[in-house]
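Okay, so here's the structure we're looking at.
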Amino acid sequence: MSTLENGREITFGEAVKEALIEEMHRDSHVFIIGEDVAEAGTVFKVLTGLLDEFGPDRVIDSPISEAGITGIGVGAAVTGMRPVVDIMFGDFTTLAMDQMVNQAAKTHYMSGGKLRVPMVIRTTMGAGRRSAAQHSQSLHAWYSHVPGLKVAIPSTPYDAKGLMKTAIREDNPVVIVEDKMMYSLKGIVPNEEYTIPLGVADVKRVGEDITLVATSQMVHLALEASQKLAELDISAEVVDPRTTFPLDKQTLIDSVKKTSRAIVIDQGYQRYGVTGEIASVIADGAFYYLDAPVKRIGAMDVPIPFSPVLEDLTIPSVPDIVEMAKTLCGRY
């Protein structure tokens with residue numbers, strides 16, 4: 001991780017844009033296509049200025065057709081380009097699943113290894129914006145379920161930039177899912193060029209009593225919870241997988257072997273989700289070291305409400321994490 005001595009503080013959104021700018025300058029085969037990516041700079045204004053810098057041939061506003069956009073990306077990737085396909089809300093990837101699951105993910109295998117699909121599908125996740133049921137889902141477990149797709153879910157500006165650069169250079173399709181609530185989040189990013197390998201977790205905080213495995217925005221809830229737990233003399237380790245596939249199983253297992261307790265926190269729906277997969281990995285790999293069952297905290301299994309009060313009830317919170325950790329550590 002970088003420090004102020006060799007870096008500077010920028011936002012999560014700025015880190016994403018920096019990665020794209022650097023990679024587009026490095027490789028003329030990289031281009032961006034999506035709804036409102038050019039003139040508007042995306043609905044979240046993350047790509048503002050890219051059209052002026054690279055022109056409409058490389059920053060392309062598309063029609064409103066997620067299947068069409070993604071299909072163009074697959075075709076371009078097969079013929080030697082490195083497209084970044086922008087799907088503004090993760091909910092809308094439902095319209096592109098055939099291209100993602102049956103085309104991008106399988107072309108390399110169905111061609112006997114002769115064809116590759118080096119493309120990035122960049123989309124969003126996360127509730128909390130009062131955007132209601134069709135604009136608030138976290139569907140990264142879907143993509144993680146499919147062989148042939150790699151999935152990154154950065155939680156900091158440092159991770160967002162490093163993972164994006166790696167994903168663009170990857171010869172396989174990578175889905176990068178950014179929490180839409182974090183674009184203004186600030187963090188230190190190195191001045192020099194760097195990349196982050198896919199499949200390498202990051203220990204965000206070292207602890208001894210319990211492991212909090214958290215993804216994306218949930219990392220920040222886990223860090224806040226760990227501070228409150230420290231006041232109760234409970235030392236929590238916070239581990240960020242950074243990618244759900246490939247998944248760094250060994251780092252998760254090693255952490256829980258040390259702490260003997262674990263909570264997995266993810267904003268996706270809990271049933272058949274990321275929390276279940278990671279909990280299974282921990283239960284299998286650290287079974288004889290566990291002093292308590294592996295617990296999970298995820299989104300409630302209901303459509304995300306528009307009502308602020310109800311929405312807040314359906315997604316993980318710091319008090320949820322603190323109370324569950326206290327119970328596992330015998331602090332009732």
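In the structure tokens, chains take the letters A, B, ... in the order shown, each chain's residues start at 1, and ligands count up from 1 in the order shown.
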Checklist entry - DSSP says strand (DSSP E or B) for which residues of stretch 120-312 of chain A? Put them as a PyMOL selection string? => result chain A and resi 120-125+150-152+174-179+186-190+202-205+210-214+236-240+243-245+262-269+295-299
Include C-alpha atoms and write out the residues we just selected as a short mmCIF file (atom, residue, chain, number, x, y, z; two decimals), in the first residue's frame.
data_model
loop_
_atom_site.label_atom_id
_atom_site.label_comp_id
_atom_site.auth_asym_id
_atom_site.auth_seq_id
_atom_site.Cartn_x
_atom_site.Cartn_y
_atom_site.Cartn_z
CA VAL A 120 -13.36 -5.47 -19.36
CA ILE A 121 -17.00 -5.15 -18.37
CA ARG A 122 -17.16 -2.22 -15.97
CA THR A 123 -20.34 -1.87 -13.90
CA THR A 124 -21.67 -0.89 -10.49
CA MET A 125 -23.14 -2.39 -7.35
CA LYS A 150 -12.83 -13.08 -13.65
CA VAL A 151 -14.41 -10.68 -11.17
CA ALA A 152 -12.84 -7.76 -9.27
CA VAL A 174 -12.87 -9.41 -16.46
CA VAL A 175 -15.92 -7.92 -14.76
CA ILE A 176 -15.04 -4.98 -12.51
CA VAL A 177 -17.82 -4.02 -10.10
CA GLU A 178 -17.54 -0.62 -8.42
CA ASP A 179 -19.75 0.43 -5.52
CA LYS A 186 -10.52 9.42 -0.97
CA GLY A 187 -7.33 7.42 -0.57
CA ILE A 188 -3.61 7.41 -1.32
CA VAL A 189 -2.53 6.27 -4.78
CA PRO A 190 1.16 5.95 -5.81
CA ASP A 202 -5.40 -7.67 1.13
CA VAL A 203 -5.36 -7.55 4.94
CA LYS A 204 -6.71 -4.07 5.62
CA ARG A 205 -6.28 -4.35 9.40
CA ILE A 210 -11.88 -12.44 14.95
CA THR A 211 -11.61 -12.16 11.17
CA LEU A 212 -13.99 -9.89 9.28
CA VAL A 213 -13.93 -10.84 5.60
CA ALA A 214 -15.55 -7.95 3.74
CA ALA A 236 -10.60 -7.71 14.66
CA GLU A 237 -8.66 -8.53 11.50
CA VAL A 238 -10.22 -7.15 8.29
CA VAL A 239 -9.52 -9.05 5.07
CA ASP A 240 -10.58 -7.78 1.64
CA THR A 243 -11.47 -10.41 -6.37
CA THR A 244 -14.26 -12.95 -5.97
CA PHE A 245 -12.70 -14.97 -8.78
CA ALA A 262 -14.98 -15.31 11.25
CA ILE A 263 -17.78 -13.15 9.89
CA VAL A 264 -18.22 -12.72 6.13
CA ILE A 265 -19.84 -9.43 5.07
CA ASP A 266 -21.10 -8.69 1.55
CA GLN A 267 -23.82 -6.41 0.19
CA GLY A 268 -25.15 -9.00 -2.25
CA TYR A 269 -28.20 -11.05 -1.40
CA LYS A 295 -21.27 -16.32 10.39
CA ARG A 296 -22.55 -14.25 7.44
CA ILE A 297 -24.03 -10.80 6.98
CA GLY A 298 -25.55 -9.90 3.61
CA ALA A 299 -28.43 -8.01 2.05
#
Within 7 Å of stretch 215-225 of chain A: each stretch 84-191 of chain A residue with its shortest pair, only C-alpha atoms, as a Markdown table:
| residue | atom | partner | partner_atom | distance |
| --- | --- | --- | --- | --- |
| A:Ile153 | CA | A:Ser216 | CA | 5.6 |
| A:Pro154 | CA | A:Ser216 | CA | 5.5 |
| A:Ser155 | CA | A:Ser216 | CA | 4.2 |
| A:Asp179 | CA | A:Gln217 | CA | 6.4 |
Keeping only N, CA and C atoms, write the selected residues to a file as a compact mmCIF listing (two decimals), in the first residue's frame.
# COMPACT_ATOMS: atom_id res chain seq x y z
N ILE A 153 -13.70 -6.61 -7.30
CA ILE A 153 -14.59 -5.69 -6.58
C ILE A 153 -13.75 -4.80 -5.65
N PRO A 154 -13.14 -3.76 -6.19
CA PRO A 154 -12.23 -2.91 -5.40
C PRO A 154 -12.95 -2.13 -4.31
N SER A 155 -12.22 -1.85 -3.22
CA SER A 155 -12.80 -1.12 -2.10
C SER A 155 -12.12 0.21 -1.83
N ASP A 179 -18.62 -0.02 -6.33
CA ASP A 179 -19.75 0.43 -5.52
C ASP A 179 -20.02 1.90 -5.82
Please provide as an mmCIF file with all heavy atoms, in the first residue's frame all residues within 9 Å of A:Leu149, with the sequence filter that same-chain residues fewer than 5 positions apart are discarded (counting only C-alpha atoms).
data_model
loop_
_atom_site.group_PDB
_atom_site.id
_atom_site.type_symbol
_atom_site.label_atom_id
_atom_site.label_comp_id
_atom_site.auth_asym_id
_atom_site.auth_seq_id
_atom_site.Cartn_x
_atom_site.Cartn_y
_atom_site.Cartn_z
ATOM 1 N N MET A 100 -22.192 -12.065 -21.905
ATOM 2 C CA MET A 100 -21.184 -12.268 -20.876
ATOM 3 C C MET A 100 -20.940 -13.757 -20.610
ATOM 4 O O MET A 100 -19.795 -14.221 -20.598
ATOM 5 C CB MET A 100 -21.619 -11.580 -19.578
ATOM 6 C CG MET A 100 -21.699 -10.062 -19.668
ATOM 7 S SD MET A 100 -22.489 -9.297 -18.229
ATOM 8 C CE MET A 100 -21.305 -9.676 -16.932
ATOM 9 N N VAL A 101 -22.022 -14.500 -20.428
ATOM 10 C CA VAL A 101 -21.932 -15.879 -19.946
ATOM 11 C C VAL A 101 -21.712 -16.880 -21.075
ATOM 12 O O VAL A 101 -20.927 -17.827 -20.943
ATOM 13 C CB VAL A 101 -23.210 -16.235 -19.152
ATOM 14 C CG1 VAL A 101 -23.237 -17.723 -18.817
ATOM 15 C CG2 VAL A 101 -23.307 -15.393 -17.897
ATOM 16 N N ALA A 104 -18.559 -14.206 -24.154
ATOM 17 C CA ALA A 104 -17.263 -13.774 -23.623
ATOM 18 C C ALA A 104 -16.588 -14.871 -22.799
ATOM 19 O O ALA A 104 -15.402 -15.164 -22.970
ATOM 20 C CB ALA A 104 -17.443 -12.515 -22.775
ATOM 21 N N ALA A 105 -17.341 -15.496 -21.920
ATOM 22 C CA ALA A 105 -16.757 -16.471 -20.999
ATOM 23 C C ALA A 105 -16.347 -17.775 -21.676
ATOM 24 O O ALA A 105 -15.484 -18.493 -21.170
ATOM 25 C CB ALA A 105 -17.749 -16.779 -19.870
ATOM 26 N N LYS A 106 -16.958 -18.103 -22.820
ATOM 27 C CA LYS A 106 -16.780 -19.444 -23.381
ATOM 28 C C LYS A 106 -16.026 -19.492 -24.708
ATOM 29 O O LYS A 106 -15.642 -20.567 -25.168
ATOM 30 C CB LYS A 106 -18.145 -20.110 -23.553
ATOM 31 C CG LYS A 106 -18.848 -20.376 -22.220
ATOM 32 C CD LYS A 106 -20.186 -21.049 -22.411
ATOM 33 C CE LYS A 106 -20.777 -21.491 -21.074
ATOM 34 N NZ LYS A 106 -21.012 -20.381 -20.145
ATOM 35 N N TYR A 143 -21.775 -13.221 -11.686
ATOM 36 C CA TYR A 143 -20.622 -13.298 -12.585
ATOM 37 C C TYR A 143 -19.571 -14.256 -12.030
ATOM 38 O O TYR A 143 -18.927 -14.990 -12.782
ATOM 39 C CB TYR A 143 -19.986 -11.917 -12.793
ATOM 40 C CG TYR A 143 -20.942 -10.754 -12.770
ATOM 41 C CD1 TYR A 143 -20.675 -9.626 -12.003
ATOM 42 C CD2 TYR A 143 -22.118 -10.772 -13.523
ATOM 43 C CE1 TYR A 143 -21.538 -8.550 -11.969
ATOM 44 C CE2 TYR A 143 -22.995 -9.699 -13.493
ATOM 45 C CZ TYR A 143 -22.710 -8.587 -12.705
ATOM 46 O OH TYR A 143 -23.571 -7.529 -12.664
ATOM 47 N N SER A 144 -19.415 -14.257 -10.723
ATOM 48 C CA SER A 144 -18.400 -15.102 -10.083
ATOM 49 C C SER A 144 -18.717 -16.584 -10.246
ATOM 50 O O SER A 144 -17.826 -17.434 -10.133
ATOM 51 C CB SER A 144 -18.302 -14.763 -8.589
ATOM 52 O OG SER A 144 -18.116 -13.380 -8.390
ATOM 53 N N ASN A 172 -8.261 -12.515 -20.669
ATOM 54 C CA ASN A 172 -9.582 -13.094 -20.470
ATOM 55 C C ASN A 172 -10.557 -12.005 -20.044
ATOM 56 O O ASN A 172 -10.148 -10.956 -19.543
ATOM 57 C CB ASN A 172 -9.527 -14.177 -19.382
ATOM 58 C CG ASN A 172 -8.616 -15.324 -19.764
ATOM 59 O OD1 ASN A 172 -8.946 -16.121 -20.631
ATOM 60 N ND2 ASN A 172 -7.450 -15.418 -19.127
ATOM 61 N N PRO A 173 -11.860 -12.228 -20.216
ATOM 62 C CA PRO A 173 -12.832 -11.213 -19.802
ATOM 63 C C PRO A 173 -12.842 -11.025 -18.288
ATOM 64 O O PRO A 173 -12.845 -11.998 -17.529
ATOM 65 C CB PRO A 173 -14.170 -11.761 -20.312
ATOM 66 C CG PRO A 173 -13.946 -13.227 -20.509
ATOM 67 C CD PRO A 173 -12.506 -13.399 -20.852
ATOM 68 N N VAL A 174 -12.851 -9.769 -17.873
ATOM 69 C CA VAL A 174 -12.874 -9.414 -16.460
ATOM 70 C C VAL A 174 -14.050 -8.482 -16.198
ATOM 71 O O VAL A 174 -14.233 -7.486 -16.911
ATOM 72 C CB VAL A 174 -11.574 -8.722 -16.020
ATOM 73 C CG1 VAL A 174 -11.625 -8.389 -14.514
ATOM 74 C CG2 VAL A 174 -10.357 -9.587 -16.326
ATOM 75 N N VAL A 175 -14.835 -8.801 -15.199
ATOM 76 C CA VAL A 175 -15.916 -7.920 -14.764
ATOM 77 C C VAL A 175 -15.411 -7.146 -13.548
ATOM 78 O O VAL A 175 -14.999 -7.745 -12.552
ATOM 79 C CB VAL A 175 -17.191 -8.705 -14.392
ATOM 80 C CG1 VAL A 175 -18.323 -7.743 -14.052
ATOM 81 C CG2 VAL A 175 -17.603 -9.637 -15.518
ATOM 82 N N PHE A 245 -13.350 -13.907 -8.018
ATOM 83 C CA PHE A 245 -12.696 -14.969 -8.784
ATOM 84 C C PHE A 245 -11.628 -14.342 -9.669
ATOM 85 O O PHE A 245 -11.927 -13.414 -10.412
ATOM 86 C CB PHE A 245 -13.662 -15.782 -9.650
ATOM 87 C CG PHE A 245 -12.952 -16.985 -10.225
ATOM 88 C CD1 PHE A 245 -12.821 -18.138 -9.474
ATOM 89 C CD2 PHE A 245 -12.341 -16.928 -11.469
ATOM 90 C CE1 PHE A 245 -12.110 -19.223 -9.968
ATOM 91 C CE2 PHE A 245 -11.628 -18.009 -11.960
ATOM 92 C CZ PHE A 245 -11.511 -19.153 -11.206
#
Checklist entry - Which residues, written as JSON, numbers by chain, have at least one atom at most 8 Å from A:Gly13, with only C-alpha atoms counted and residues fewer than 3 positions away on the same chain left out? => result {"A": [16, 17, 46, 157, 182, 183, 184, 185]}
Next on the checklist: List as a ChimeraX atom specification the protein and nucleic acid residues near A:Tyr158, meaning an atom at most 12 Å away when only C-alpha atoms are counted, but skip any in the same chain fewer than 4 places from it.
Outcome noted: /A:1-3,7-16,18-19,154,162-165,185-196,202,242
Item to check | Residue among A:Asp312, A:Glu323, A:Glu23, A:Glu66 lying closest to A:Thr94, counting only C-alpha atoms | outcome: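 Using only C-alpha atoms, the shortest distance to A:Thr94 belongs to A:Glu66.
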Next on the checklist: Using only C-alpha atoms, which protein or nucleic acid residues come within 10 Å of A:Lys326? Drop anything in the same chain fewer than 6 positions from it, and give the result as a list in words.
Outcome noted: Ile210, Leu229, Leu232, Ile234 and Tyr332 of chain A
Same residues, N, CA, C and O atoms, saved as a PDB file, in the first residue's frame:
ATOM      1  N   ILE A 210     -10.840 -12.098  15.905  1.00  0.00           N
ATOM      2  CA  ILE A 210     -11.884 -12.442  14.951  1.00  0.00           C
ATOM      3  C   ILE A 210     -11.513 -11.882  13.583  1.00  0.00           C
ATOM      4  O   ILE A 210     -10.900 -10.815  13.490  1.00  0.00           O
ATOM      5  N   LEU A 229     -15.035  -2.341  18.077  1.00  0.00           N
ATOM      6  CA  LEU A 229     -14.711  -3.571  18.802  1.00  0.00           C
ATOM      7  C   LEU A 229     -13.432  -3.415  19.622  1.00  0.00           C
ATOM      8  O   LEU A 229     -13.309  -3.984  20.713  1.00  0.00           O
ATOM      9  N   LEU A 232     -13.879  -2.423  23.011  1.00  0.00           N
ATOM     10  CA  LEU A 232     -14.351  -3.511  23.877  1.00  0.00           C
ATOM     11  C   LEU A 232     -13.270  -4.556  24.093  1.00  0.00           C
ATOM     12  O   LEU A 232     -13.544  -5.662  24.575  1.00  0.00           O
ATOM     13  N   ILE A 234     -11.693  -6.197  21.792  1.00  0.00           N
ATOM     14  CA  ILE A 234     -11.787  -7.268  20.790  1.00  0.00           C
ATOM     15  C   ILE A 234     -10.975  -6.829  19.585  1.00  0.00           C
ATOM     16  O   ILE A 234     -11.247  -5.792  18.975  1.00  0.00           O
ATOM     17  N   TYR A 332     -21.586 -10.810  25.474  1.00  0.00           N
ATOM     18  CA  TYR A 332     -23.020 -10.624  25.269  1.00  0.00           C
ATOM     19  C   TYR A 332     -23.478  -9.290  25.865  1.00  0.00           C
ATOM     20  O   TYR A 332     -22.959  -8.846  26.865  1.00  0.00           O
TER      21      TYR A 332
END
Checklist entry - Hey, what's within 8 Å of A:Lys257 if we count only C-alpha atoms and toss same-chain stuff fewer than 2 positions away? As number ranges by chain, please? => result A: 253-255, 259-260, 286, 289-290
Produce a file of the selected residues containing N, CA and C atoms, as a CSV table (one decimal), in the first residue's frame.
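Result file follows (result-v4.csv):
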chain,number,residue,atom,x,y,z
A,253,ILE,N,-8.1,-18.4,4.8
A,253,ILE,CA,-7.9,-19.5,5.7
A,253,ILE,C,-6.9,-19.2,6.8
A,254,ASP,N,-5.7,-18.6,6.3
A,254,ASP,CA,-4.6,-18.3,7.3
A,254,ASP,C,-5.1,-17.3,8.3
A,255,SER,N,-5.9,-16.4,7.9
A,255,SER,CA,-6.4,-15.4,8.9
A,255,SER,C,-7.2,-16.0,10.0
A,259,THR,N,-7.2,-16.3,14.1
A,259,THR,CA,-8.2,-15.7,15.0
A,259,THR,C,-9.2,-16.6,15.6
A,260,SER,N,-9.5,-17.7,14.9
A,260,SER,CA,-10.4,-18.8,15.3
A,260,SER,C,-11.9,-18.4,15.1
A,286,ALA,N,-10.3,-24.1,7.6
A,286,ALA,CA,-9.9,-23.8,9.0
A,286,ALA,C,-10.7,-24.5,10.0
A,289,TYR,N,-9.6,-25.2,13.5
A,289,TYR,CA,-9.1,-24.0,14.3
A,289,TYR,C,-10.3,-23.1,14.8
A,290,LEU,N,-11.5,-23.5,14.3
A,290,LEU,CA,-12.6,-22.6,14.7
A,290,LEU,C,-13.1,-22.8,16.1
Checklist entry - What does the distance between atom CA of A:Gln134 and atom CA of A:Pro63 come to in Å, to one decimal place? => result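 Value for the atom CA of A:Gln134-atom CA of A:Pro63 distance: 19.7 Å.
Atom CA of A:Arg331 sits 23.6 Å away from atom CA of A:Thr275.
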Next on the checklist: I'd like to know which residues of stretch 145-189 of chain A are alpha helix (DSSP H) (by DSSP, run on the backbone); could you write them as an MDAnalysis selection string?
Outcome noted: chainID A and resid 157:169
Could you please take those selected residues and save N, CA, C and O atoms as a tab-separated table (two decimals), in the first residue's frame?
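Result file follows (again_11.tsv):
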chain	number	residue	atom	x	y	z
A	157	PRO	N	-9.42	3.58	-3.59
A	157	PRO	CA	-8.85	4.14	-4.82
A	157	PRO	C	-7.60	3.39	-5.27
A	157	PRO	O	-7.42	3.16	-6.48
A	158	TYR	N	-6.75	3.00	-4.34
A	158	TYR	CA	-5.54	2.24	-4.67
A	158	TYR	C	-5.89	0.95	-5.40
A	158	TYR	O	-5.33	0.63	-6.46
A	159	ASP	N	-6.84	0.21	-4.84
A	159	ASP	CA	-7.25	-1.06	-5.45
A	159	ASP	C	-7.97	-0.83	-6.77
A	159	ASP	O	-7.80	-1.60	-7.73
A	160	ALA	N	-8.80	0.22	-6.84
A	160	ALA	CA	-9.57	0.48	-8.06
A	160	ALA	C	-8.64	0.72	-9.24
A	160	ALA	O	-8.87	0.20	-10.33
A	161	LYS	N	-7.60	1.50	-9.03
A	161	LYS	CA	-6.68	1.80	-10.14
A	161	LYS	C	-5.85	0.57	-10.50
A	161	LYS	O	-5.74	0.20	-11.67
A	162	GLY	N	-5.28	-0.09	-9.51
A	162	GLY	CA	-4.40	-1.22	-9.79
A	162	GLY	C	-5.12	-2.39	-10.42
A	162	GLY	O	-4.59	-3.04	-11.33
A	163	LEU	N	-6.34	-2.67	-9.97
A	163	LEU	CA	-7.10	-3.78	-10.53
A	163	LEU	C	-7.60	-3.46	-11.94
A	163	LEU	O	-7.64	-4.34	-12.80
A	164	MET	N	-7.97	-2.20	-12.18
A	164	MET	CA	-8.42	-1.83	-13.53
A	164	MET	C	-7.30	-1.99	-14.54
A	164	MET	O	-7.50	-2.52	-15.64
A	165	LYS	N	-6.09	-1.56	-14.20
A	165	LYS	CA	-4.96	-1.68	-15.12
A	165	LYS	C	-4.66	-3.15	-15.41
A	165	LYS	O	-4.40	-3.53	-16.56
A	166	THR	N	-4.71	-3.97	-14.38
A	166	THR	CA	-4.48	-5.40	-14.58
A	166	THR	C	-5.56	-6.02	-15.46
A	166	THR	O	-5.28	-6.82	-16.36
A	167	ALA	N	-6.82	-5.64	-15.21
A	167	ALA	CA	-7.93	-6.20	-15.96
A	167	ALA	C	-7.83	-5.87	-17.44
A	167	ALA	O	-8.11	-6.71	-18.30
A	168	ILE	N	-7.43	-4.64	-17.76
A	168	ILE	CA	-7.31	-4.25	-19.16
A	168	ILE	C	-6.22	-5.05	-19.86
A	168	ILE	O	-6.33	-5.37	-21.05
A	169	ARG	N	-5.17	-5.40	-19.16
A	169	ARG	CA	-4.07	-6.16	-19.75
A	169	ARG	C	-4.33	-7.67	-19.77
A	169	ARG	O	-3.59	-8.42	-20.42
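In terms of minimum interatomic distance to A:Met81, A:Pro118 ranks closest within A:Pro118, A:Gly126, A:Gly330, A:Pro56, counting only C-alpha atoms.
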